[in-house]
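Enquirer: Below is the structure I would like to discuss, written out as structure tokens.
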Amino acid sequence: MRLRPARPDEAERLSALALRSKAHWGYDEAFMAACVDELTLRPDEITRRRTTVAEDADGRLLGLATLEGAPPVGELGLMFVDPDAIGLGVGRLLFAHVRDTARAAGFRKVSWAADPNAVPFYEAMGARHTGVIPSGSIPGRTLPLMEVALK
């Protein structure tokens, strides 16, 4: 498995991966339809959002993560692992990459709205739950706000 910068021509495939990953948690069709816009990466956003992909030796996309914003505070905009690759260390590798890249770029912390199902993973990676934030897709729903401090 290796990490590399995403390419603009992969935007459609990465968006589909994000939706498959979100659906892994058993959300219904209406919920998933409401999330489409928020989980769609556009070709012109790939570089600006510092999009990184994980791929296997055959070039199959296994996951993606974005590091957004400017120092001192960044945002983990998207982080998704293909359901077939969950449990293989893809998420750990992507999260460590975002954390290390942010630190090297001068960020002091990275925060993000997490799917409630992913909170235990993020806590295992050293992040802490700092509050709640409104969902960008589902009116009335709140999401855990997570943060990792960088030293």
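By order of appearance in the structure tokens: chains A, B, ..., then residues from 1 within every chain, and ligands from 1 in the order shown.
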Enumerate, in order of chain and increasing residue number, the residues of region 87-110 of chain A with an atom no farther than 10 Å from region 76-83 of chain A, each with its shortest atom pair and distance in Å to one decimal, counting only C-alpha atoms, as JSON lines.
Expert:
```
{"residue": "A:Gly87", "atom": "CA", "partner": "A:Pro83", "partner_atom": "CA", "distance": 8.9}
{"residue": "A:Leu88", "atom": "CA", "partner": "A:Val81", "partner_atom": "CA", "distance": 9.7}
{"residue": "A:Gly89", "atom": "CA", "partner": "A:Val81", "partner_atom": "CA", "distance": 9.6}
{"residue": "A:Val90", "atom": "CA", "partner": "A:Val81", "partner_atom": "CA", "distance": 6.7}
{"residue": "A:Gly91", "atom": "CA", "partner": "A:Val81", "partner_atom": "CA", "distance": 6.3}
{"residue": "A:Leu94", "atom": "CA", "partner": "A:Met79", "partner_atom": "CA", "distance": 7.8}
{"residue": "A:Phe95", "atom": "CA", "partner": "A:Met79", "partner_atom": "CA", "distance": 8.0}
{"residue": "A:Val98", "atom": "CA", "partner": "A:Leu76", "partner_atom": "CA", "distance": 7.7}
{"residue": "A:Arg99", "atom": "CA", "partner": "A:Leu76", "partner_atom": "CA", "distance": 9.2}
{"residue": "A:Ala102", "atom": "CA", "partner": "A:Leu76", "partner_atom": "CA", "distance": 9.8}
{"residue": "A:Val110", "atom": "CA", "partner": "A:Leu76", "partner_atom": "CA", "distance": 6.5}
```
Enquirer: Filtering to C-alpha atoms, could you give me those residues as a PDB file, in the first residue's frame?
Expert:
```pdb
ATOM      1  CA  GLY A  87      -9.319  -3.171   8.908  1.00  0.00           C
ATOM      2  CA  LEU A  88      -6.223  -3.270   6.687  1.00  0.00           C
ATOM      3  CA  GLY A  89      -4.526  -0.194   8.189  1.00  0.00           C
ATOM      4  CA  VAL A  90      -5.565   2.224   5.432  1.00  0.00           C
ATOM      5  CA  GLY A  91      -7.260   4.621   7.842  1.00  0.00           C
ATOM      6  CA  LEU A  94      -4.058   8.167   5.966  1.00  0.00           C
ATOM      7  CA  PHE A  95      -4.640   9.741   9.386  1.00  0.00           C
ATOM      8  CA  VAL A  98      -2.578  14.057   7.439  1.00  0.00           C
ATOM      9  CA  ARG A  99      -1.285  14.623  10.972  1.00  0.00           C
ATOM     10  CA  ALA A 102      -0.186  19.298   8.933  1.00  0.00           C
ATOM     11  CA  VAL A 110      -6.560  19.823  13.002  1.00  0.00           C
TER      12      VAL A 110
END
```
Enquirer: Write out as a list of chain:residue names the residues lying within 12 Å of Gly69 (chain A), counting only C-alpha atoms and excluding same-chain residues fewer than 3 positions away.
Expert: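 Result of the neighbour search: A:Arg48, A:Arg49, A:Arg50, A:Thr66, A:Pro72, A:Val73, A:Gly74, A:Glu75, A:Leu76, A:Gly77, A:Ala102, A:Ala105, A:Gly106, A:Phe107, A:Arg108, A:Lys109, A:Val110, A:Ser111, A:Trp112.
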Enquirer: Using DSSP on the backbone coordinates, identify all residues within region 17-91 of chain A classified as strand (DSSP E or B); present the result as a VMD selection string.
Expert: chain A and resid 51 to 55 61 to 70 73 to 81
Enquirer: Mind writing the picked residues with N, CA, C and O atoms as a CSV table (one decimal), in the first residue's frame?
Expert:
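The resulting file, result.csv, is reproduced below:
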```csv
chain,number,residue,atom,x,y,z
A,51,THR,N,-5.6,16.6,-1.3
A,51,THR,CA,-6.2,15.3,-1.3
A,51,THR,C,-5.1,14.2,-1.5
A,51,THR,O,-4.3,14.3,-2.5
A,52,THR,N,-5.1,13.3,-0.6
A,52,THR,CA,-4.2,12.2,-0.7
A,52,THR,C,-5.0,10.9,-0.8
A,52,THR,O,-6.0,10.7,-0.2
A,53,VAL,N,-4.4,10.0,-1.6
A,53,VAL,CA,-5.1,8.7,-1.8
A,53,VAL,C,-4.1,7.6,-1.3
A,53,VAL,O,-2.9,7.7,-1.4
A,54,ALA,N,-4.8,6.5,-0.8
A,54,ALA,CA,-4.0,5.2,-0.6
A,54,ALA,C,-4.4,4.3,-1.7
A,54,ALA,O,-5.6,4.2,-2.1
A,55,GLU,N,-3.4,3.6,-2.2
A,55,GLU,CA,-3.7,2.6,-3.2
A,55,GLU,C,-2.9,1.3,-3.0
A,55,GLU,O,-1.9,1.4,-2.3
A,61,LEU,N,-7.8,2.1,-5.7
A,61,LEU,CA,-7.9,3.2,-4.7
A,61,LEU,C,-8.5,2.5,-3.4
A,61,LEU,O,-9.6,1.9,-3.5
A,62,LEU,N,-7.9,2.7,-2.3
A,62,LEU,CA,-8.3,2.1,-1.0
A,62,LEU,C,-8.9,3.1,-0.1
A,62,LEU,O,-9.7,2.8,0.8
A,63,GLY,N,-8.5,4.4,-0.2
A,63,GLY,CA,-9.0,5.4,0.7
A,63,GLY,C,-8.5,6.8,0.2
A,63,GLY,O,-7.7,6.9,-0.7
A,64,LEU,N,-9.0,7.8,0.9
A,64,LEU,CA,-8.7,9.2,0.6
A,64,LEU,C,-8.8,10.0,1.9
A,64,LEU,O,-9.5,9.7,2.8
A,65,ALA,N,-8.0,11.1,1.9
A,65,ALA,CA,-8.1,12.1,3.0
A,65,ALA,C,-7.8,13.4,2.4
A,65,ALA,O,-7.0,13.5,1.5
A,66,THR,N,-8.4,14.5,3.0
A,66,THR,CA,-8.1,15.8,2.6
A,66,THR,C,-7.6,16.6,3.9
A,66,THR,O,-8.2,16.4,4.9
A,67,LEU,N,-6.6,17.5,3.7
A,67,LEU,CA,-6.2,18.4,4.7
A,67,LEU,C,-6.5,19.8,4.2
A,67,LEU,O,-5.9,20.2,3.2
A,68,GLU,N,-7.4,20.5,4.9
A,68,GLU,CA,-7.8,21.8,4.4
A,68,GLU,C,-7.5,22.9,5.3
A,68,GLU,O,-7.2,22.6,6.5
A,69,GLY,N,-7.6,24.1,4.8
A,69,GLY,CA,-7.3,25.3,5.6
A,69,GLY,C,-5.9,25.7,5.6
A,69,GLY,O,-5.1,25.3,4.8
A,70,ALA,N,-5.6,26.7,6.4
A,70,ALA,CA,-4.3,27.3,6.5
A,70,ALA,C,-3.8,27.3,8.0
A,70,ALA,O,-4.7,27.5,8.9
A,73,VAL,N,-4.7,26.4,12.2
A,73,VAL,CA,-5.7,25.4,12.4
A,73,VAL,C,-6.2,24.9,11.1
A,73,VAL,O,-6.6,25.6,10.2
A,74,GLY,N,-6.1,23.5,10.9
A,74,GLY,CA,-6.6,22.9,9.7
A,74,GLY,C,-7.8,22.1,9.9
A,74,GLY,O,-8.3,21.9,11.1
A,75,GLU,N,-8.3,21.5,8.8
A,75,GLU,CA,-9.5,20.6,8.9
A,75,GLU,C,-9.2,19.4,8.1
A,75,GLU,O,-8.7,19.4,7.0
A,76,LEU,N,-9.6,18.3,8.7
A,76,LEU,CA,-9.7,17.0,8.0
A,76,LEU,C,-11.0,17.0,7.3
A,76,LEU,O,-12.0,16.7,8.0
A,77,GLY,N,-11.0,17.4,6.1
A,77,GLY,CA,-12.3,17.6,5.4
A,77,GLY,C,-13.0,16.3,5.0
A,77,GLY,O,-14.2,16.2,5.3
A,78,LEU,N,-12.3,15.4,4.5
A,78,LEU,CA,-12.8,14.1,4.1
A,78,LEU,C,-11.8,13.0,4.5
A,78,LEU,O,-10.6,13.3,4.3
A,79,MET,N,-12.3,11.9,5.0
A,79,MET,CA,-11.4,10.8,5.2
A,79,MET,C,-12.3,9.5,5.1
A,79,MET,O,-13.2,9.3,5.9
A,80,PHE,N,-12.0,8.7,4.1
A,80,PHE,CA,-12.8,7.6,3.8
A,80,PHE,C,-12.0,6.4,3.4
A,80,PHE,O,-11.0,6.6,2.6
A,81,VAL,N,-12.4,5.2,3.8
A,81,VAL,CA,-11.7,4.0,3.4
A,81,VAL,C,-12.7,3.1,2.7
A,81,VAL,O,-13.9,3.0,3.2
```
Enquirer: Under the rule that only C-alpha atoms are counted, which of A:Arg103, A:Tyr122, A:Phe31, A:Arg128 is the nearest residue to Arg141 (chain A)?
Expert: A:Phe31
Enquirer: What gap, in Å, lies between CA of Ala127 (chain A) and CA of Val148 (chain A)?
Expert: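 These atoms are spaced 4.5 Å apart.
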